[in-house]
$ cat run-v1.pdb   # PDB, C-alpha atoms
ATOM      1  CA  MET A   1     111.626 -20.396  31.990  1.00  0.00           C
ATOM      2  CA  LYS A   2     107.912 -21.220  31.839  1.00  0.00           C
ATOM      3  CA  LYS A   3     108.770 -24.836  31.102  1.00  0.00           C
ATOM      4  CA  LYS A   4     110.800 -25.080  34.344  1.00  0.00           C
ATOM      5  CA  TYR A   5     107.875 -23.754  36.422  1.00  0.00           C
ATOM      6  CA  LEU A   6     105.483 -26.077  34.643  1.00  0.00           C
ATOM      7  CA  LEU A   7     107.796 -29.027  35.336  1.00  0.00           C
ATOM      8  CA  LEU A   8     108.053 -28.050  39.035  1.00  0.00           C
ATOM      9  CA  ILE A   9     104.268 -27.783  39.327  1.00  0.00           C
ATOM     10  CA  ILE A  10     103.782 -31.203  37.699  1.00  0.00           C
ATOM     11  CA  LEU A  11     106.356 -32.795  40.038  1.00  0.00           C
ATOM     12  CA  PHE A  12     104.694 -31.185  43.062  1.00  0.00           C
ATOM     13  CA  VAL A  13     101.244 -32.484  42.000  1.00  0.00           C
ATOM     14  CA  PHE A  14     102.607 -36.035  41.574  1.00  0.00           C
ATOM     15  CA  TYR A  15     104.350 -35.848  44.954  1.00  0.00           C
ATOM     16  CA  ALA A  16     101.158 -34.600  46.650  1.00  0.00           C
ATOM     17  CA  ALA A  17      99.084 -37.349  45.009  1.00  0.00           C
ATOM     18  CA  LYS A  18     101.562 -40.012  46.145  1.00  0.00           C
ATOM     19  CA  ALA A  19     101.536 -38.658  49.716  1.00  0.00           C
ATOM     20  CA  GLN A  20      97.741 -38.914  49.830  1.00  0.00           C
ATOM     21  CA  ASN A  21      97.883 -42.577  48.824  1.00  0.00           C
ATOM     22  CA  GLU A  22     100.094 -43.491  51.790  1.00  0.00           C
ATOM     23  CA  ILE A  23      97.531 -44.496  54.409  1.00  0.00           C
ATOM     24  CA  ASP A  24      98.357 -44.805  58.095  1.00  0.00           C
ATOM     25  CA  PRO A  25      97.325 -48.367  59.128  1.00  0.00           C
ATOM     26  CA  TYR A  26      96.098 -46.992  62.483  1.00  0.00           C
ATOM     27  CA  GLN A  27      93.936 -44.296  60.875  1.00  0.00           C
ATOM     28  CA  LYS A  28      90.454 -45.645  61.336  1.00  0.00           C
ATOM     29  CA  ASN A  29      88.072 -42.989  62.552  1.00  0.00           C
ATOM     30  CA  ASN A  30      85.524 -44.909  64.673  1.00  0.00           C
ATOM     31  CA  GLU A  31      85.820 -47.113  67.699  1.00  0.00           C
ATOM     32  CA  ILE A  32      83.546 -48.881  70.122  1.00  0.00           C
ATOM     33  CA  LYS A  33      84.622 -50.197  73.519  1.00  0.00           C
ATOM     34  CA  LEU A  34      83.389 -51.932  76.669  1.00  0.00           C
ATOM     35  CA  ASN A  35      84.596 -51.202  80.199  1.00  0.00           C
ATOM     36  CA  ALA A  36      85.886 -54.417  81.787  1.00  0.00           C
ATOM     37  CA  LEU A  37      85.682 -52.919  85.307  1.00  0.00           C
ATOM     38  CA  ALA A  38      81.946 -52.172  85.133  1.00  0.00           C
ATOM     39  CA  PRO A  39      80.715 -55.733  85.936  1.00  0.00           C
ATOM     40  CA  ILE A  40      82.599 -55.558  89.258  1.00  0.00           C
ATOM     41  CA  TRP A  41      80.129 -52.840  90.314  1.00  0.00           C
ATOM     42  CA  ALA A  42      77.070 -54.664  88.879  1.00  0.00           C
ATOM     43  CA  SER A  43      76.967 -52.288  85.923  1.00  0.00           C
ATOM     44  CA  PHE A  44      77.593 -51.975  82.189  1.00  0.00           C
ATOM     45  CA  GLN A  45      79.492 -49.303  80.243  1.00  0.00           C
ATOM     46  CA  VAL A  46      79.818 -48.913  76.486  1.00  0.00           C
ATOM     47  CA  GLY A  47      81.510 -46.096  74.594  1.00  0.00           C
ATOM     48  CA  TYR A  48      81.836 -44.730  71.065  1.00  0.00           C
ATOM     49  CA  GLU A  49      84.624 -42.445  69.871  1.00  0.00           C
ATOM     50  CA  ARG A  50      85.038 -40.564  66.580  1.00  0.00           C
ATOM     51  CA  HIS A  51      88.539 -39.353  65.691  1.00  0.00           C
ATOM     52  CA  LEU A  52      88.730 -35.864  64.229  1.00  0.00           C
ATOM     53  CA  ASN A  53      92.424 -36.021  63.309  1.00  0.00           C
ATOM     54  CA  HIS A  54      95.751 -37.480  64.475  1.00  0.00           C
ATOM     55  CA  ASN A  55      95.561 -35.851  67.910  1.00  0.00           C
ATOM     56  CA  SER A  56      91.909 -35.304  68.857  1.00  0.00           C
ATOM     57  CA  SER A  57      88.556 -37.024  69.093  1.00  0.00           C
ATOM     58  CA  LEU A  58      85.010 -36.701  70.351  1.00  0.00           C
ATOM     59  CA  GLY A  59      83.232 -39.491  72.162  1.00  0.00           C
ATOM     60  CA  ILE A  60      80.323 -40.502  74.320  1.00  0.00           C
ATOM     61  CA  SER A  61      79.905 -43.209  76.926  1.00  0.00           C
ATOM     62  CA  PHE A  62      76.813 -44.727  78.507  1.00  0.00           C
ATOM     63  CA  TYR A  63      76.967 -46.246  81.992  1.00  0.00           C
ATOM     64  CA  TYR A  64      74.092 -48.239  83.510  1.00  0.00           C
ATOM     65  CA  VAL A  65      73.888 -49.739  87.012  1.00  0.00           C
ATOM     66  CA  PHE A  66      71.911 -52.990  87.296  1.00  0.00           C
ATOM     67  CA  ASP A  67      71.776 -53.252  91.085  1.00  0.00           C
ATOM     68  CA  ASN A  68      72.522 -50.332  93.436  1.00  0.00           C
ATOM     69  CA  THR A  69      72.433 -52.590  96.503  1.00  0.00           C
ATOM     70  CA  LYS A  70      75.540 -54.489  95.376  1.00  0.00           C
ATOM     71  CA  ASN A  71      77.761 -51.489  94.807  1.00  0.00           C
ATOM     72  CA  GLU A  72      76.386 -49.094  97.465  1.00  0.00           C
ATOM     73  CA  LYS A  73      76.496 -46.209  94.984  1.00  0.00           C
ATOM     74  CA  ASP A  74      73.607 -43.891  94.281  1.00  0.00           C
ATOM     75  CA  LEU A  75      74.172 -43.730  90.500  1.00  0.00           C
ATOM     76  CA  ASN A  76      71.447 -45.178  88.273  1.00  0.00           C
ATOM     77  CA  TYR A  77      72.868 -44.271  84.847  1.00  0.00           C
ATOM     78  CA  SER A  78      75.008 -41.626  83.162  1.00  0.00           C
ATOM     79  CA  ILE A  79      75.656 -40.287  79.684  1.00  0.00           C
ATOM     80  CA  SER A  80      79.054 -38.658  79.305  1.00  0.00           C
ATOM     81  CA  PRO A  81      80.233 -36.835  76.152  1.00  0.00           C
ATOM     82  CA  TYR A  82      83.956 -36.002  76.021  1.00  0.00           C
ATOM     83  CA  TYR A  83      86.741 -34.408  73.993  1.00  0.00           C
ATOM     84  CA  ARG A  84      90.207 -35.985  74.001  1.00  0.00           C
ATOM     85  CA  ARG A  85      93.640 -34.704  73.027  1.00  0.00           C
ATOM     86  CA  TYR A  86      96.242 -37.422  72.269  1.00  0.00           C
ATOM     87  CA  PHE A  87     100.015 -37.116  72.640  1.00  0.00           C
ATOM     88  CA  GLY A  88     101.179 -40.424  71.101  1.00  0.00           C
ATOM     89  CA  LYS A  89     103.056 -40.976  67.845  1.00  0.00           C
ATOM     90  CA  LYS A  90     100.425 -43.329  66.409  1.00  0.00           C
ATOM     91  CA  TYR A  91      97.069 -42.091  65.150  1.00  0.00           C
ATOM     92  CA  ALA A  92      94.818 -41.161  68.145  1.00  0.00           C
ATOM     93  CA  SER A  93      96.652 -43.317  70.678  1.00  0.00           C
ATOM     94  CA  GLY A  94      99.116 -43.095  73.544  1.00  0.00           C
ATOM     95  CA  TRP A  95      98.680 -40.721  76.477  1.00  0.00           C
ATOM     96  CA  PHE A  96      95.652 -38.432  76.429  1.00  0.00           C
ATOM     97  CA  VAL A  97      93.803 -35.796  78.438  1.00  0.00           C
ATOM     98  CA  GLU A  98      90.069 -35.253  78.266  1.00  0.00           C
ATOM     99  CA  GLY A  99      87.373 -32.838  79.259  1.00  0.00           C
ATOM    100  CA  PHE A 100      83.924 -34.307  79.842  1.00  0.00           C
ATOM    101  CA  GLY A 101      80.362 -33.539  80.753  1.00  0.00           C
ATOM    102  CA  MET A 102      78.155 -36.004  82.608  1.00  0.00           C
ATOM    103  CA  LEU A 103      74.376 -36.116  82.713  1.00  0.00           C
ATOM    104  CA  ALA A 104      73.473 -38.578  85.449  1.00  0.00           C
ATOM    105  CA  SER A 105      70.514 -39.975  87.330  1.00  0.00           C
ATOM    106  CA  THR A 106      71.276 -40.468  91.013  1.00  0.00           C
ATOM    107  CA  ASP A 107      69.221 -41.371  94.039  1.00  0.00           C
ATOM    108  CA  GLY A 108      68.256 -38.362  96.138  1.00  0.00           C
ATOM    109  CA  LYS A 109      69.485 -37.562  99.656  1.00  0.00           C
ATOM    110  CA  LYS A 110      68.356 -39.734 102.536  1.00  0.00           C
ATOM    111  CA  ILE A 111      66.743 -37.707 105.309  1.00  0.00           C
ATOM    112  CA  TYR A 112      67.331 -39.499 108.601  1.00  0.00           C
ATOM    113  CA  ALA A 113      64.629 -39.428 111.298  1.00  0.00           C
ATOM    114  CA  SER A 114      66.649 -41.262 113.945  1.00  0.00           C
ATOM    115  CA  GLU A 115      70.123 -40.818 115.379  1.00  0.00           C
ATOM    116  CA  ASP A 116      71.195 -44.369 114.529  1.00  0.00           C
ATOM    117  CA  HIS A 117      70.138 -43.838 110.871  1.00  0.00           C
ATOM    118  CA  SER A 118      67.733 -46.784 110.961  1.00  0.00           C
ATOM    119  CA  ILE A 119      64.693 -44.670 110.015  1.00  0.00           C
ATOM    120  CA  TYR A 120      64.966 -42.449 106.978  1.00  0.00           C
ATOM    121  CA  THR A 121      63.077 -41.045 104.025  1.00  0.00           C
ATOM    122  CA  GLU A 122      64.640 -41.494 100.613  1.00  0.00           C
ATOM    123  CA  ASN A 123      64.038 -38.808  97.994  1.00  0.00           C
ATOM    124  CA  PRO A 124      63.299 -39.803  94.387  1.00  0.00           C
ATOM    125  CA  ALA A 125      65.954 -39.953  91.701  1.00  0.00           C
ATOM    126  CA  VAL A 126      67.600 -36.678  90.695  1.00  0.00           C
ATOM    127  CA  ILE A 127      69.008 -35.715  87.279  1.00  0.00           C
ATOM    128  CA  ASN A 128      72.251 -33.769  87.665  1.00  0.00           C
ATOM    129  CA  PHE A 129      74.980 -32.424  85.391  1.00  0.00           C
ATOM    130  CA  ALA A 130      78.725 -32.350  86.030  1.00  0.00           C
ATOM    131  CA  LEU A 131      81.842 -31.102  84.247  1.00  0.00           C
ATOM    132  CA  GLY A 132      85.250 -32.679  84.737  1.00  0.00           C
ATOM    133  CA  ALA A 133      88.666 -33.586  83.403  1.00  0.00           C
ATOM    134  CA  GLY A 134      90.664 -36.771  83.182  1.00  0.00           C
ATOM    135  CA  GLY A 135      93.410 -38.622  81.454  1.00  0.00           C
ATOM    136  CA  GLY A 136      94.611 -42.021  80.409  1.00  0.00           C
ATOM    137  CA  TRP A 137      96.433 -44.160  77.896  1.00  0.00           C
ATOM    138  CA  LYS A 138      95.329 -46.064  74.769  1.00  0.00           C
ATOM    139  CA  TRP A 139      97.085 -48.817  72.808  1.00  0.00           C
ATOM    140  CA  VAL A 140      95.855 -49.776  69.321  1.00  0.00           C
ATOM    141  CA  SER A 141      96.956 -52.658  67.083  1.00  0.00           C
ATOM    142  CA  LYS A 142      97.114 -52.457  63.267  1.00  0.00           C
ATOM    143  CA  SER A 143      94.088 -54.761  63.067  1.00  0.00           C
ATOM    144  CA  GLY A 144      92.033 -52.338  65.184  1.00  0.00           C
ATOM    145  CA  PHE A 145      91.974 -54.070  68.568  1.00  0.00           C
ATOM    146  CA  LEU A 146      92.455 -51.572  71.406  1.00  0.00           C
ATOM    147  CA  LEU A 147      93.052 -51.392  75.150  1.00  0.00           C
ATOM    148  CA  GLU A 148      92.422 -48.265  77.178  1.00  0.00           C
ATOM    149  CA  ALA A 149      92.846 -47.156  80.803  1.00  0.00           C
ATOM    150  CA  ASN A 150      91.379 -43.875  82.005  1.00  0.00           C
ATOM    151  CA  VAL A 151      90.390 -41.923  85.113  1.00  0.00           C
ATOM    152  CA  GLY A 152      88.531 -38.654  85.538  1.00  0.00           C
ATOM    153  CA  TYR A 153      86.996 -36.453  88.229  1.00  0.00           C
ATOM    154  CA  GLY A 154      84.422 -33.711  88.013  1.00  0.00           C
ATOM    155  CA  SER A 155      82.105 -31.496  89.994  1.00  0.00           C
ATOM    156  CA  ILE A 156      78.306 -31.554  89.930  1.00  0.00           C
ATOM    157  CA  LEU A 157      77.012 -28.178  88.779  1.00  0.00           C
ATOM    158  CA  VAL A 158      73.255 -28.790  88.610  1.00  0.00           C
ATOM    159  CA  ASN A 159      71.253 -30.326  91.513  1.00  0.00           C
ATOM    160  CA  ALA A 160      74.313 -30.964  93.706  1.00  0.00           C
ATOM    161  CA  ASP A 161      72.271 -29.945  96.763  1.00  0.00           C
ATOM    162  CA  LYS A 162      69.808 -32.793  96.150  1.00  0.00           C
ATOM    163  CA  THR A 163      72.399 -35.591  96.345  1.00  0.00           C
ATOM    164  CA  ASP A 164      74.765 -36.867  99.043  1.00  0.00           C
ATOM    165  CA  HIS A 165      77.876 -35.807  97.102  1.00  0.00           C
ATOM    166  CA  ASP A 166      79.099 -33.100  94.761  1.00  0.00           C
ATOM    167  CA  ILE A 167      81.902 -34.978  92.949  1.00  0.00           C
ATOM    168  CA  VAL A 168      81.731 -37.533  90.122  1.00  0.00           C
ATOM    169  CA  ALA A 169      84.398 -40.021  89.097  1.00  0.00           C
ATOM    170  CA  LYS A 170      85.076 -42.042  85.944  1.00  0.00           C
ATOM    171  CA  PHE A 171      87.269 -45.148  85.952  1.00  0.00           C
ATOM    172  CA  GLY A 172      87.829 -47.436  83.030  1.00  0.00           C
ATOM    173  CA  LEU A 173      89.841 -50.373  81.808  1.00  0.00           C
ATOM    174  CA  SER A 174      88.326 -50.953  78.389  1.00  0.00           C
ATOM    175  CA  ALA A 175      88.764 -53.221  75.393  1.00  0.00           C
ATOM    176  CA  GLY A 176      87.356 -52.447  71.995  1.00  0.00           C
ATOM    177  CA  TYR A 177      87.701 -52.271  68.244  1.00  0.00           C
ATOM    178  CA  ARG A 178      88.633 -49.423  65.907  1.00  0.00           C
ATOM    179  CA  PHE A 179      87.044 -49.467  62.456  1.00  0.00           C
TER     180      PHE A 179
END
$ encode --input "run-v1.pdb" --output "structure tokens"
Amino acid sequence: MKKKYLLLIILFVFYAAKAQNEIDPYQKNNEIKLNALAPIWASFQVGYERHLNHNSSLGISFYYVFDNTKNEKDLNYSISPYYRRYFGKKYASGWFVEGFGMLASTDGKKIYASEDHSIYTENPAVINFALGAGGGWKWVSKSGFLLEANVGYGSILVNADKTDHDIVAKFGLSAGYRF
């Protein structure tokens, strides 16, 4: 009887060892990506993502605006950490939802001294913090090349009264590499 249990244990150990050797070709835990839409708004965005398992990851993105006069936005730069939950069959790909934080530098409110808004005083840059949610889709090839589309909206929680808005938005159409 002991020999049967010993044989079962040995077979189970060999099966478990074989299962660990089967590697998912999509299972690479790091990726870096660039937002292709950012140059349209005279800006640059780069992101890094670390996969925790098949369905979740943590990441951070950095967004920098080169020229605020071209895009008529008050954002100077932002740093946005996020958590993602994936729903695809492949490793960390397919449809996803995310929760994010955003630490951003924005230009302060303009205080107008004339009715036609030709004379105003511009406040200095303000650092604010927002929380939000978003979603998107990611496609990954076996070689590691990836394409991603995402959108997200959030609300400014800190220093919202010192800016002209209280909502933040994230848009991306990114290409990158998983390694």
$ residues_near_point --input "run-v1.pdb" --point "(69.6, -33.2, 90.3)" --cutoff "8 Å" --atoms "all atoms listed in the file" --output "PDB file with C-alpha atoms, in the coordinates of the input"
ATOM      1  CA  SER A 105      70.514 -39.975  87.330  1.00  0.00           C
ATOM      2  CA  THR A 106      71.276 -40.468  91.013  1.00  0.00           C
ATOM      3  CA  GLY A 108      68.256 -38.362  96.138  1.00  0.00           C
ATOM      4  CA  ALA A 125      65.954 -39.953  91.701  1.00  0.00           C
ATOM      5  CA  VAL A 126      67.600 -36.678  90.695  1.00  0.00           C
ATOM      6  CA  ILE A 127      69.008 -35.715  87.279  1.00  0.00           C
ATOM      7  CA  ASN A 128      72.251 -33.769  87.665  1.00  0.00           C
ATOM      8  CA  PHE A 129      74.980 -32.424  85.391  1.00  0.00           C
ATOM      9  CA  VAL A 158      73.255 -28.790  88.610  1.00  0.00           C
ATOM     10  CA  ASN A 159      71.253 -30.326  91.513  1.00  0.00           C
ATOM     11  CA  ALA A 160      74.313 -30.964  93.706  1.00  0.00           C
ATOM     12  CA  ASP A 161      72.271 -29.945  96.763  1.00  0.00           C
ATOM     13  CA  LYS A 162      69.808 -32.793  96.150  1.00  0.00           C
ATOM     14  CA  THR A 163      72.399 -35.591  96.345  1.00  0.00           C
TER      15      THR A 163
END
$ resolve_selection --input "run-v1.pdb" --expression "the PyMOL selection byres ((chain A and resi 84) around 12)" --output "PyMOL selection string"
chain A and resi 49-60+81-83+85-87+92-100+133-138+150+152
$ resolve_selection --input "run-v1.pdb" --expression "the PyMOL selection byres ((chain A and resi 176) around 6)" --output "MDAnalysis selection string"
chainID A and resid 32:33 145:146 175 177
$ residues_near_point --input "run-v1.pdb" --point "(87.3, -45.7, 64.9)" --cutoff "6 Å" --atoms "only C-alpha atoms" --output "ChimeraX atom specification"
/A:28-31,50,178-179
$ resolve_selection --input "run-v1.pdb" --expression "the PyMOL selection byres ((chain A and resi 40-47) around 6)" --output "ChimeraX atom specification"
/A:32-35,37-39,48,60-67,71
$ atom_distance --input "run-v1.pdb" --atom1 "CA of Ser141 in chain A" --atom2 "CA of Ala36 in chain A"
18.5 Å
$ closest_residue --input "run-v1.pdb" --among "A:Leu147, A:Val140, A:Leu157, A:Ala130" --to "Lys170 in chain A" --atoms "all atoms listed in the file"
A:Ala130
$ atom_distance --input "run-v1.pdb" --atom1 "CA of Leu173 in chain A" --atom2 "CA of Ser78 in chain A"
17.3 Å
$ closest_residue --input "run-v1.pdb" --among "A:Pro124, A:Gly88, A:Gln27, A:Asp116" --to "Asp74 in chain A" --atoms "all atoms listed in the file"
A:Pro124
$ atom_distance --input "run-v1.pdb" --atom1 "CA of Lys142 in chain A" --atom2 "CA of Phe171 in chain A"
25.8 Å
$ closest_residue --input "run-v1.pdb" --among "A:Ser174, A:Asn68, A:Ser155, A:Ser80" --to "Trp139 in chain A" --atoms "all atoms listed in the file"
A:Ser174
